[in-house]
Amino acid sequence: MSSIAKPKFLKPDDDYFASERDAQATDNQVTTFVFNAHHSLNIDAQRERLPIRKYRDHILYCLENFQTLVLVGETGCGKSTQVPQFLYEFGWHTKGIIGITEPRRVSAVTLADRVASERGEIVGQTVGVSVRFIDKFSPNTHIKYMTEGILLREMLGDPLLTKYSVIIIDEAHERNTLTDTSLGLLKKIAKKRESLKIIISSATIDAEFFKDFFNFKTKKSPKDTATIISIEGRMHPVETFYLRDPCPDYVQETVNTALKIHKKERNGDILAFLTGQEEVIQAVNLLKDHSEASGRDDLLILPMYGTLPNNDQLKVFFGAPKGIRKIVVATNIAETSITIPGIVFVIDCGFVKLKWFNPESSTDSLVIVPVSKAAAEQRSGRAGRVKPGKVYRLYTEEDFENLPDQTPPEMRRTELCSTVLHLKALGIDNILRFNFPSPPPAKNLLAALETLYALDALDENGDLTQPIGYTLAEMPLDAMMGKMLYVSGQMGCAVEILTIIAMMQVQNVFSKPSTGQGQIKGRVAKRNFEVEEGDLITLLNVYTAFVENGRTKEFCGQNFLIYRNLKRAHELRSQLENLAQNKLGIPMFSCQGDIDVLRKCITAGFFPNAAYLHHSGVYRTIRGNTELSIHPISTLYTLQQPQFVIFCELLQTTQLFMKDLTVIKEEWLTELAPHYYHKTTVRDY
DNA sequence: GAGCACTGC
C-alpha cells in the first residue's frame, strides 16, 4: 500500500479495497465506503475543516477530569480518526497504547489506513491495526485500531488491559453483543484501574444511557466520573414527510413514493429501505416495469442486500450517468454497514427484520418489527450527506411517536453461549449478576448455562471445566462447534472436522447465477458434490475437491463455486488448525475416509440438536418434541427423509427450518451423550 | 422451495 500522504478518495476500484475484499471473502461481504466531501483539499486542510477540531481542547480537558467521556457526533464529524490523534499529540500514549475498537473489520482497517496516511506513515508504525488475519504493529505503535472481538481476546490474557491508557469504543450505539460485553467488562476494569480512560463514541442520542452506566458517583464521592460532549455535525438538514393515513402495503407504497419523487423533484438519488431480499427484488421489479412502460430511460434501479453477488453489490457505489436518477432499494445493510454516495432522498418503510432468540425452544426467529426512533433517524441521516435532503416515512407521525426509542440491543435477543463462556473465562462467576448495559432475559442466560453444562463446558457449580470449558472459551467458535472440534481430537478426525468448521464459517460456497440457464447449471454442479450423509459432509467434499484441484479460480468457475469464499475457508482452516494444534493441543489425525467417525463426531458436538422423523412425515426435536422441517437449501431436501438427523441451526421463518444437516444413527445419541439421552426414552415414531 | 446485519490471538 502506498505510504504517501495524499488526499484519498475511496472508491470501489481502489486496489486497497480489492485486497480487503479478498481477505474478507464471504459472499455477503460488504465494503465500507467513506464519502469525503473535501477530498480535493490536502490532508492538513481537511483535518482543520473537520467539525471536531474545535472540540480538541475540550475533549482533552474532560479526559483529564473524568474517567469516562461520551462523545456524541454524527458520522463524518471526524471522531474516529481525529480523537486518537488528539490524544497522541497530547501525549496520552506515554502512559499506554490508545486503543480504538470498531464493530467491523473493514472499518478498523480503513480507519487505521486513513490515520496512518494523515500522519504520512504506513499502518504498522505509530498507527497499528489488529483484526482477524491482519496484525500490523511495531514497538512504536501507540494508536491501535481493532475489532471488538480482538479486545475481548486481549482481556483474556490481560484482564486489566494494562497495556492501554485509553480505550475508545467506537459506534457503541450499534449495541452488538460484543460491544455490550466490552462495555460491561470495561466498567469493571474502570473501577479497579482509575488510570484507564474510556471514551464511548456514539452517533445517536443514547449518550445519557452510557454516561449513567459509567458514572460511579456516590453519596460519599459525589463527583461525576463520566461526562458527555456533543459535537455538531456537518450534516445537512433533512426534511421529514409522513403519510397522512397508514398504508396497507409498504412495498407498493415504496414504489409509488419513489416514482413520485422522480416526477416532482430535481437531481438527487433515492435510497429506499425495505426489510428483506424478497421485498427488495419485488420493489425493484415493480420499478423496472414502470420505467419500461414509461418509455423513458432515465432511471437506474439497483437492489442491495447481503447475499447479492459481489459484482452486483458494487454497482450501487457508482454514480448514475448524467440525466439519470439512481434508485437503490436496500435492506438494513445500508443503514450502518455501507454508505452509498449521492443520496438525497430516503424512503423508510418503518420496519426491520431482526433475529430473535426464543429460550423455550432454543430457536432463532426472523421477525419483522417496527423500527425504533433511533433507527428511523439513522435512516433519515442517509439523506443529508451531500446536500439538504428529504425523508419519506411510510407511516403517520403518530405512529412515529409511538415507536420505541431504541431497537432492543442484540444482547437481549440472541443466544448467549459464547458470551457466557467469555465472561466465565474472565472469572465472572455470577453471570446473572454481571453488570450488562442492558441485561439479557434471565431465561436466555439460563438456557446458555444449561447448554454449556450439557456440553461438559460447565460443572454443576457453573464453573468452567478443565480442560473442555477453558478450551471452548479459547476457540473463536460457537460452543457446539468448539465441542465438536475438541472431540475430533480424541476420535482421530480433526483434519476433516476442521475443514467442515471452516466451510460452515463462510456462508454459501455455491454460486447462484442470476440468469435462468446459469441457475440450472449451478444446481447440477452442486449435485455433483452432494452426498446422502448430509450438508456437512457435502461441504467436506467441496473443500477436498477444491484443494485436490490446486485451489484455482478455474476449478471454481467450472463447478459454480465461489472462489473468494473457498479461499477464505482455506485461510480460516489454517488459522484454526494452528490454534487447535499449537495452543489447544488437539491431535491432528485424519479418519481416512471413515464417514461414520465424522458423523459420530458431529453428533458428539451437536447432540442437543437431534431430530427424528415422526410417522406423520414431519420431524420433531428429541428434547422438546417441537415440529421441524428440512430447509430447502439442504442437500437432504430432495432425498428420502432419514430417520434421525442432527442440525446445526434452527430458524423460524415461514416454518421452523433445520439447517446444516447430518444423517445419524439413533444409538449414537445414547452412546455419545448418555447423560443427555436415555435408552428408555420411548418415542412415538 | 427460501436467505436482517455483524464478529473471533
# chains A, B, ... in the order shown; residues from 1 in each chain; ligands from 1
call {"tool": "select_by_dssp", "arguments": {"residues": "stretch 118-284 of chain A", "states": "helix (DSSP H, G or I)", "output": "PyMOL selection string"}}
result
chain A and resi 118+148-157+172-174+177-192+207-214+250-264+277-284
call {"tool": "closest_atom_pairs", "arguments": {"of": "chain A", "to": "chain B", "cutoff": "6 Å", "atoms": "only C-alpha atoms (C1' of nucleotides)", "output": "JSON lines"}}
result
{"residue": "A:Gly149", "atom": "CA", "partner": "B:DG8", "partner_atom": "C1'", "distance": 5.5}
{"residue": "A:Lys353", "atom": "CA", "partner": "B:DC4", "partner_atom": "C1'", "distance": 4.7}
{"residue": "A:Leu354", "atom": "CA", "partner": "B:DC4", "partner_atom": "C1'", "distance": 5.5}
{"residue": "A:Pro476", "atom": "CA", "partner": "B:DG8", "partner_atom": "C1'", "distance": 4.4}
{"residue": "A:Pro632", "atom": "CA", "partner": "B:DG1", "partner_atom": "C1'", "distance": 5.4}
call {"tool": "write_last_selection", "arguments": {"atoms": "all heavy atoms", "output": "mmCIF file, in the first residue's frame"}}
result
data_model
loop_
_atom_site.group_PDB
_atom_site.id
_atom_site.type_symbol
_atom_site.label_atom_id
_atom_site.label_comp_id
_atom_site.auth_asym_id
_atom_site.auth_seq_id
_atom_site.Cartn_x
_atom_site.Cartn_y
_atom_site.Cartn_z
ATOM 1 N N GLY A 149 -13.944 -8.047 18.993
ATOM 2 C CA GLY A 149 -13.554 -9.420 19.327
ATOM 3 C C GLY A 149 -12.110 -9.504 19.771
ATOM 4 O O GLY A 149 -11.750 -10.264 20.672
ATOM 5 N N LYS A 353 -36.135 -6.306 9.810
ATOM 6 C CA LYS A 353 -36.155 -7.739 10.113
ATOM 7 C C LYS A 353 -35.055 -8.029 11.135
ATOM 8 O O LYS A 353 -33.906 -7.650 10.945
ATOM 9 C CB LYS A 353 -35.912 -8.536 8.833
ATOM 10 C CG LYS A 353 -36.374 -9.986 8.948
ATOM 11 C CD LYS A 353 -36.085 -10.768 7.687
ATOM 12 C CE LYS A 353 -37.156 -10.607 6.634
ATOM 13 N NZ LYS A 353 -36.951 -11.553 5.501
ATOM 14 N N LEU A 354 -35.434 -8.665 12.223
ATOM 15 C CA LEU A 354 -34.478 -8.942 13.302
ATOM 16 C C LEU A 354 -34.478 -10.419 13.652
ATOM 17 O O LEU A 354 -35.490 -11.102 13.531
ATOM 18 C CB LEU A 354 -34.869 -8.177 14.574
ATOM 19 C CG LEU A 354 -34.705 -6.682 14.628
ATOM 20 C CD1 LEU A 354 -35.153 -6.177 15.990
ATOM 21 C CD2 LEU A 354 -33.266 -6.298 14.372
ATOM 22 N N PRO A 476 -12.360 -19.423 18.726
ATOM 23 C CA PRO A 476 -13.219 -18.426 18.077
ATOM 24 C C PRO A 476 -14.379 -19.113 17.367
ATOM 25 O O PRO A 476 -14.589 -18.944 16.173
ATOM 26 C CB PRO A 476 -12.269 -17.750 17.089
ATOM 27 C CG PRO A 476 -11.251 -18.771 16.767
ATOM 28 C CD PRO A 476 -11.142 -19.699 17.955
ATOM 29 N N PRO A 632 -35.039 -25.833 2.583
ATOM 30 C CA PRO A 632 -34.884 -26.145 1.153
ATOM 31 C C PRO A 632 -33.451 -26.067 0.624
ATOM 32 O O PRO A 632 -33.177 -26.667 -0.415
ATOM 33 C CB PRO A 632 -35.762 -25.096 0.470
ATOM 34 C CG PRO A 632 -36.754 -24.704 1.490
ATOM 35 C CD PRO A 632 -36.063 -24.807 2.800
#
call {"tool": "atom_distance", "arguments": {"atom1": "atom CA of A:Thr126", "atom2": "atom CA of A:Ile59"}}
result
21.4 Å
call {"tool": "select_by_dssp", "arguments": {"residues": "stretch 175-378 of chain A", "states": "strand (DSSP E or B)", "output": "VMD selection string"}}
result
chain A and resid 197 to 202 226 to 231 238 to 242 269 to 273 299 to 304 325 to 330 343 to 348 351 to 358 363 to 370
call {"tool": "residues_around", "arguments": {"residues": "stretch 620-628 of chain A", "least_positions_apart": "6", "cutoff": "6 Å", "atoms": "only C-alpha atoms (C1' of nucleotides)", "output": "list in words"}}
result
Ala610, Ala611, Tyr612, Leu656 and Phe657 of chain A
call {"tool": "write_last_selection", "arguments": {"atoms": "C-alpha atoms", "output": "PDB file, in the first residue's frame"}}
result
ATOM      1  CA  ALA A 610     -31.150 -34.101  17.284  1.00  0.00           C
ATOM      2  CA  ALA A 611     -34.426 -34.673  15.481  1.00  0.00           C
ATOM      3  CA  TYR A 612     -36.377 -37.766  14.431  1.00  0.00           C
ATOM      4  CA  LEU A 656     -39.320 -23.912  11.706  1.00  0.00           C
ATOM      5  CA  PHE A 657     -36.406 -24.941   9.494  1.00  0.00           C
TER       6      PHE A 657
END
call {"tool": "atom_distance", "arguments": {"atom1": "atom CA of A:Gln466", "atom2": "atom CA of A:Leu151"}}
result
23.9 Å
call {"tool": "residues_around", "arguments": {"residues": "A:Thr101", "least_positions_apart": "5", "cutoff": "8 Å", "atoms": "only C-alpha atoms (C1' of nucleotides)", "output": "ChimeraX atom specification"}}
result
/A:108,145-148,151,167-170
call {"tool": "write_last_selection", "arguments": {"atoms": "C-alpha atoms", "output": "compact mmCIF listing (two decimals), in the first residue's frame"}}
result
# COMPACT_ATOMS: atom_id res chain seq x y z
CA ALA A 108 -10.89 -0.92 11.66
CA TYR A 145 -7.45 0.06 15.76
CA MET A 146 -9.06 -3.33 16.33
CA THR A 147 -12.35 -5.18 16.23
CA GLU A 148 -14.30 -5.70 19.45
CA LEU A 151 -10.20 -6.53 22.58
CA ILE A 167 -9.87 2.65 25.20
CA ILE A 168 -12.25 4.17 22.67
CA ILE A 169 -15.37 2.17 21.88
CA ASP A 170 -16.49 3.46 18.52
call {"tool": "residues_around", "arguments": {"residues": "A:Asn461", "least_positions_apart": "3", "cutoff": "12 Å", "atoms": "only C-alpha atoms (C1' of nucleotides)", "output": "number ranges by chain"}}
result
A: 424, 429-430, 449-450, 452-453, 456-458, 464-465
call {"tool": "write_last_selection", "arguments": {"atoms": "N, CA, C and O atoms", "output": "tab-separated table (two decimals), in the first residue's frame"}}
result
chain	number	residue	atom	x	y	z
A	424	LYS	N	-17.18	-16.24	31.85
A	424	LYS	CA	-16.65	-17.24	32.79
A	424	LYS	C	-15.13	-17.30	32.71
A	424	LYS	O	-14.44	-17.38	33.73
A	429	ASP	N	-18.04	-15.08	37.96
A	429	ASP	CA	-18.71	-16.30	38.39
A	429	ASP	C	-20.21	-16.20	38.28
A	429	ASP	O	-20.87	-17.08	37.76
A	430	ASN	N	-20.75	-15.09	38.78
A	430	ASN	CA	-22.20	-14.97	38.77
A	430	ASN	C	-22.67	-14.16	37.55
A	430	ASN	O	-22.81	-12.93	37.61
A	449	LEU	N	-26.53	-21.48	30.07
A	449	LEU	CA	-25.87	-22.24	31.12
A	449	LEU	C	-26.20	-23.73	30.99
A	449	LEU	O	-25.33	-24.59	31.13
A	450	GLU	N	-27.46	-24.02	30.69
A	450	GLU	CA	-27.87	-25.42	30.53
A	450	GLU	C	-27.15	-26.09	29.37
A	450	GLU	O	-26.66	-27.22	29.49
A	452	LEU	N	-24.33	-25.24	28.02
A	452	LEU	CA	-22.90	-25.39	28.32
A	452	LEU	C	-22.67	-26.52	29.32
A	452	LEU	O	-21.66	-27.23	29.25
A	453	TYR	N	-23.59	-26.71	30.23
A	453	TYR	CA	-23.50	-27.82	31.17
A	453	TYR	C	-23.63	-29.15	30.43
A	453	TYR	O	-22.85	-30.09	30.65
A	456	ASP	N	-20.57	-30.27	28.85
A	456	ASP	CA	-19.46	-30.50	29.77
A	456	ASP	C	-18.50	-29.32	29.82
A	456	ASP	O	-17.33	-29.49	30.16
A	457	ALA	N	-18.97	-28.14	29.42
A	457	ALA	CA	-18.11	-26.97	29.47
A	457	ALA	C	-18.21	-26.32	30.85
A	457	ALA	O	-17.29	-25.62	31.29
A	458	LEU	N	-19.33	-26.54	31.53
A	458	LEU	CA	-19.52	-26.04	32.89
A	458	LEU	C	-19.81	-27.23	33.80
A	458	LEU	O	-20.44	-28.21	33.37
A	464	LEU	N	-16.29	-23.13	34.86
A	464	LEU	CA	-15.69	-23.68	33.65
A	464	LEU	C	-14.97	-24.97	34.00
A	464	LEU	O	-14.25	-25.04	35.00
A	465	THR	N	-15.15	-26.00	33.16
A	465	THR	CA	-14.46	-27.26	33.41
A	465	THR	C	-13.08	-27.22	32.77
A	465	THR	O	-12.83	-26.49	31.83
call {"tool": "residues_around", "arguments": {"residues": "A:Tyr250", "least_positions_apart": "2", "cutoff": "12 Å", "atoms": "only C-alpha atoms (C1' of nucleotides)", "output": "list in words"}}
result
Leu243, Pro246, Cys247, Pro248, Gln252, Glu253, Thr254, Val255, Asn256, Thr257, Ala258, Ala272, Phe273, Leu274, Thr275, Glu279, Val280, Gln282, Ala283, Ile347, Asp348, Cys349, Gly350, Phe351, Tyr392, Arg393, Leu394 and Tyr395 of chain A
call {"tool": "residues_around", "arguments": {"residues": "A:Ser130", "least_positions_apart": "3", "cutoff": "12 Å", "atoms": "only C-alpha atoms (C1' of nucleotides)", "output": "PyMOL selection string"}}
result
(chain A and resi 99-102+104-113+123-124+127+133-138+141+143-151+153-154) or (chain B and resi 8-9)
call {"tool": "write_last_selection", "arguments": {"atoms": "N, CA, C and O atoms (P, O5', C5', C4', C3', O3' and C1' of nucleotides)", "output": "short mmCIF file (atom, residue, chain, number, x, y, z; two decimals), in the first residue's frame"}}
result
data_model
loop_
_atom_site.label_atom_id
_atom_site.label_comp_id
_atom_site.auth_asym_id
_atom_site.auth_seq_id
_atom_site.Cartn_x
_atom_site.Cartn_y
_atom_site.Cartn_z
N GLY A 99 -6.24 2.64 22.37
CA GLY A 99 -6.93 1.58 21.61
C GLY A 99 -8.30 2.02 21.14
O GLY A 99 -9.03 2.68 21.88
N ILE A 100 -8.66 1.68 19.92
CA ILE A 100 -9.98 2.03 19.38
C ILE A 100 -10.62 0.76 18.84
O ILE A 100 -10.02 0.06 18.03
N THR A 101 -11.82 0.45 19.29
CA THR A 101 -12.50 -0.73 18.76
C THR A 101 -13.57 -0.33 17.77
O THR A 101 -14.24 0.68 17.92
N GLU A 102 -13.73 -1.17 16.75
CA GLU A 102 -14.75 -0.99 15.72
C GLU A 102 -15.58 -2.27 15.65
O GLU A 102 -15.08 -3.35 15.90
N ARG A 104 -16.75 -3.63 12.94
CA ARG A 104 -16.49 -4.39 11.72
C ARG A 104 -15.02 -4.33 11.32
O ARG A 104 -14.35 -3.32 11.55
N ARG A 105 -14.56 -5.41 10.70
CA ARG A 105 -13.17 -5.50 10.26
C ARG A 105 -12.81 -4.37 9.30
O ARG A 105 -11.77 -3.73 9.45
N VAL A 106 -13.66 -4.18 8.29
CA VAL A 106 -13.34 -3.17 7.28
C VAL A 106 -13.17 -1.79 7.90
O VAL A 106 -12.26 -1.05 7.51
N SER A 107 -14.03 -1.43 8.85
CA SER A 107 -13.90 -0.11 9.47
C SER A 107 -12.55 0.02 10.16
O SER A 107 -11.86 1.04 10.01
N ALA A 108 -12.16 -0.99 10.93
CA ALA A 108 -10.89 -0.92 11.66
C ALA A 108 -9.73 -0.74 10.68
O ALA A 108 -8.86 0.11 10.88
N VAL A 109 -9.76 -1.51 9.59
CA VAL A 109 -8.65 -1.47 8.64
C VAL A 109 -8.60 -0.13 7.88
O VAL A 109 -7.54 0.49 7.75
N THR A 110 -9.78 0.34 7.43
CA THR A 110 -9.77 1.59 6.65
C THR A 110 -9.43 2.79 7.53
O THR A 110 -8.72 3.69 7.10
N LEU A 111 -9.91 2.79 8.78
CA LEU A 111 -9.60 3.91 9.67
C LEU A 111 -8.11 3.94 9.99
O LEU A 111 -7.49 5.01 9.97
N ALA A 112 -7.53 2.79 10.26
CA ALA A 112 -6.10 2.74 10.56
C ALA A 112 -5.32 3.27 9.37
O ALA A 112 -4.38 4.06 9.52
N ASP A 113 -5.74 2.88 8.19
CA ASP A 113 -5.06 3.32 6.98
C ASP A 113 -5.17 4.84 6.82
O ASP A 113 -4.19 5.54 6.53
N VAL A 123 0.49 1.90 7.85
CA VAL A 123 -0.02 1.19 9.02
C VAL A 123 1.03 0.22 9.54
O VAL A 123 1.70 -0.46 8.77
N GLY A 124 1.19 0.19 10.86
CA GLY A 124 2.19 -0.71 11.45
C GLY A 124 3.29 0.09 12.13
O GLY A 124 4.12 -0.46 12.85
N VAL A 127 0.62 4.00 13.99
CA VAL A 127 -0.76 3.52 13.96
C VAL A 127 -0.76 2.04 13.57
O VAL A 127 -0.21 1.67 12.54
N PHE A 133 -6.80 -12.18 11.02
CA PHE A 133 -5.95 -12.36 9.84
C PHE A 133 -5.06 -11.16 9.54
O PHE A 133 -4.18 -11.26 8.70
N ILE A 134 -5.28 -10.03 10.18
CA ILE A 134 -4.40 -8.89 9.90
C ILE A 134 -3.88 -8.36 11.23
O ILE A 134 -4.65 -8.04 12.13
N ASP A 135 -2.57 -8.30 11.34
CA ASP A 135 -1.96 -7.80 12.56
C ASP A 135 -0.79 -6.93 12.14
O ASP A 135 0.20 -7.43 11.65
N LYS A 136 -0.93 -5.63 12.24
CA LYS A 136 0.15 -4.75 11.82
C LYS A 136 0.47 -3.81 12.97
O LYS A 136 -0.31 -2.89 13.25
N PHE A 137 1.56 -4.08 13.66
CA PHE A 137 2.00 -3.15 14.68
C PHE A 137 3.49 -3.33 14.94
O PHE A 137 4.11 -4.29 14.45
N SER A 138 4.09 -2.40 15.65
CA SER A 138 5.50 -2.45 15.97
C SER A 138 5.65 -1.96 17.41
O SER A 138 4.67 -1.54 18.02
N THR A 141 4.07 1.36 18.02
CA THR A 141 2.64 1.58 17.78
C THR A 141 1.97 2.15 19.03
O THR A 141 2.00 1.54 20.09
N ILE A 143 -1.20 4.04 18.60
CA ILE A 143 -2.63 4.10 18.32
C ILE A 143 -3.00 2.79 17.65
O ILE A 143 -2.40 2.42 16.65
N LYS A 144 -3.95 2.07 18.24
CA LYS A 144 -4.25 0.76 17.68
C LYS A 144 -5.74 0.58 17.42
O LYS A 144 -6.55 0.66 18.33
N TYR A 145 -6.08 0.36 16.15
CA TYR A 145 -7.45 0.06 15.76
C TYR A 145 -7.66 -1.45 15.79
O TYR A 145 -6.78 -2.20 15.39
N MET A 146 -8.80 -1.88 16.28
CA MET A 146 -9.06 -3.33 16.33
C MET A 146 -10.56 -3.58 16.32
O MET A 146 -11.35 -2.66 16.51
N THR A 147 -10.94 -4.83 16.10
CA THR A 147 -12.35 -5.18 16.23
C THR A 147 -12.65 -5.48 17.70
O THR A 147 -11.74 -5.74 18.49
N GLU A 148 -13.92 -5.47 18.05
CA GLU A 148 -14.30 -5.70 19.45
C GLU A 148 -13.88 -7.09 19.91
O GLU A 148 -13.49 -7.29 21.07
N GLY A 149 -13.94 -8.05 18.99
CA GLY A 149 -13.55 -9.42 19.33
C GLY A 149 -12.11 -9.50 19.77
O GLY A 149 -11.75 -10.26 20.67
N ILE A 150 -11.26 -8.71 19.13
CA ILE A 150 -9.83 -8.73 19.48
C ILE A 150 -9.63 -8.18 20.89
O ILE A 150 -8.87 -8.75 21.68
N LEU A 151 -10.34 -7.10 21.24
CA LEU A 151 -10.20 -6.53 22.58
C LEU A 151 -10.58 -7.58 23.64
O LEU A 151 -9.90 -7.74 24.65
N ARG A 153 -10.46 -10.84 23.32
CA ARG A 153 -9.37 -11.82 23.36
C ARG A 153 -8.22 -11.29 24.21
O ARG A 153 -7.62 -12.03 24.97
N GLU A 154 -7.91 -10.00 24.06
CA GLU A 154 -6.80 -9.43 24.82
C GLU A 154 -7.10 -9.41 26.31
O GLU A 154 -6.21 -9.57 27.13
P DG B 8 -13.28 -10.48 13.42
"O5'" DG B 8 -13.06 -11.51 14.62
"C5'" DG B 8 -12.85 -10.98 15.92
"C4'" DG B 8 -12.59 -12.11 16.86
"C3'" DG B 8 -11.49 -13.06 16.38
"O3'" DG B 8 -10.71 -13.42 17.52
"C1'" DG B 8 -13.48 -14.26 16.66
P DC B 9 -9.15 -13.22 17.53
"O5'" DC B 9 -8.41 -14.50 18.10
"C5'" DC B 9 -7.42 -15.07 17.38
"C4'" DC B 9 -6.15 -14.22 17.42
"C3'" DC B 9 -4.96 -15.01 16.86
"O3'" DC B 9 -4.16 -14.14 16.11
"C1'" DC B 9 -4.50 -14.26 19.04
#
call {"tool": "atom_distance", "arguments": {"atom1": "atom CA of A:Thr307", "atom2": "atom CA of A:Gly522"}}
result
16.2 Å
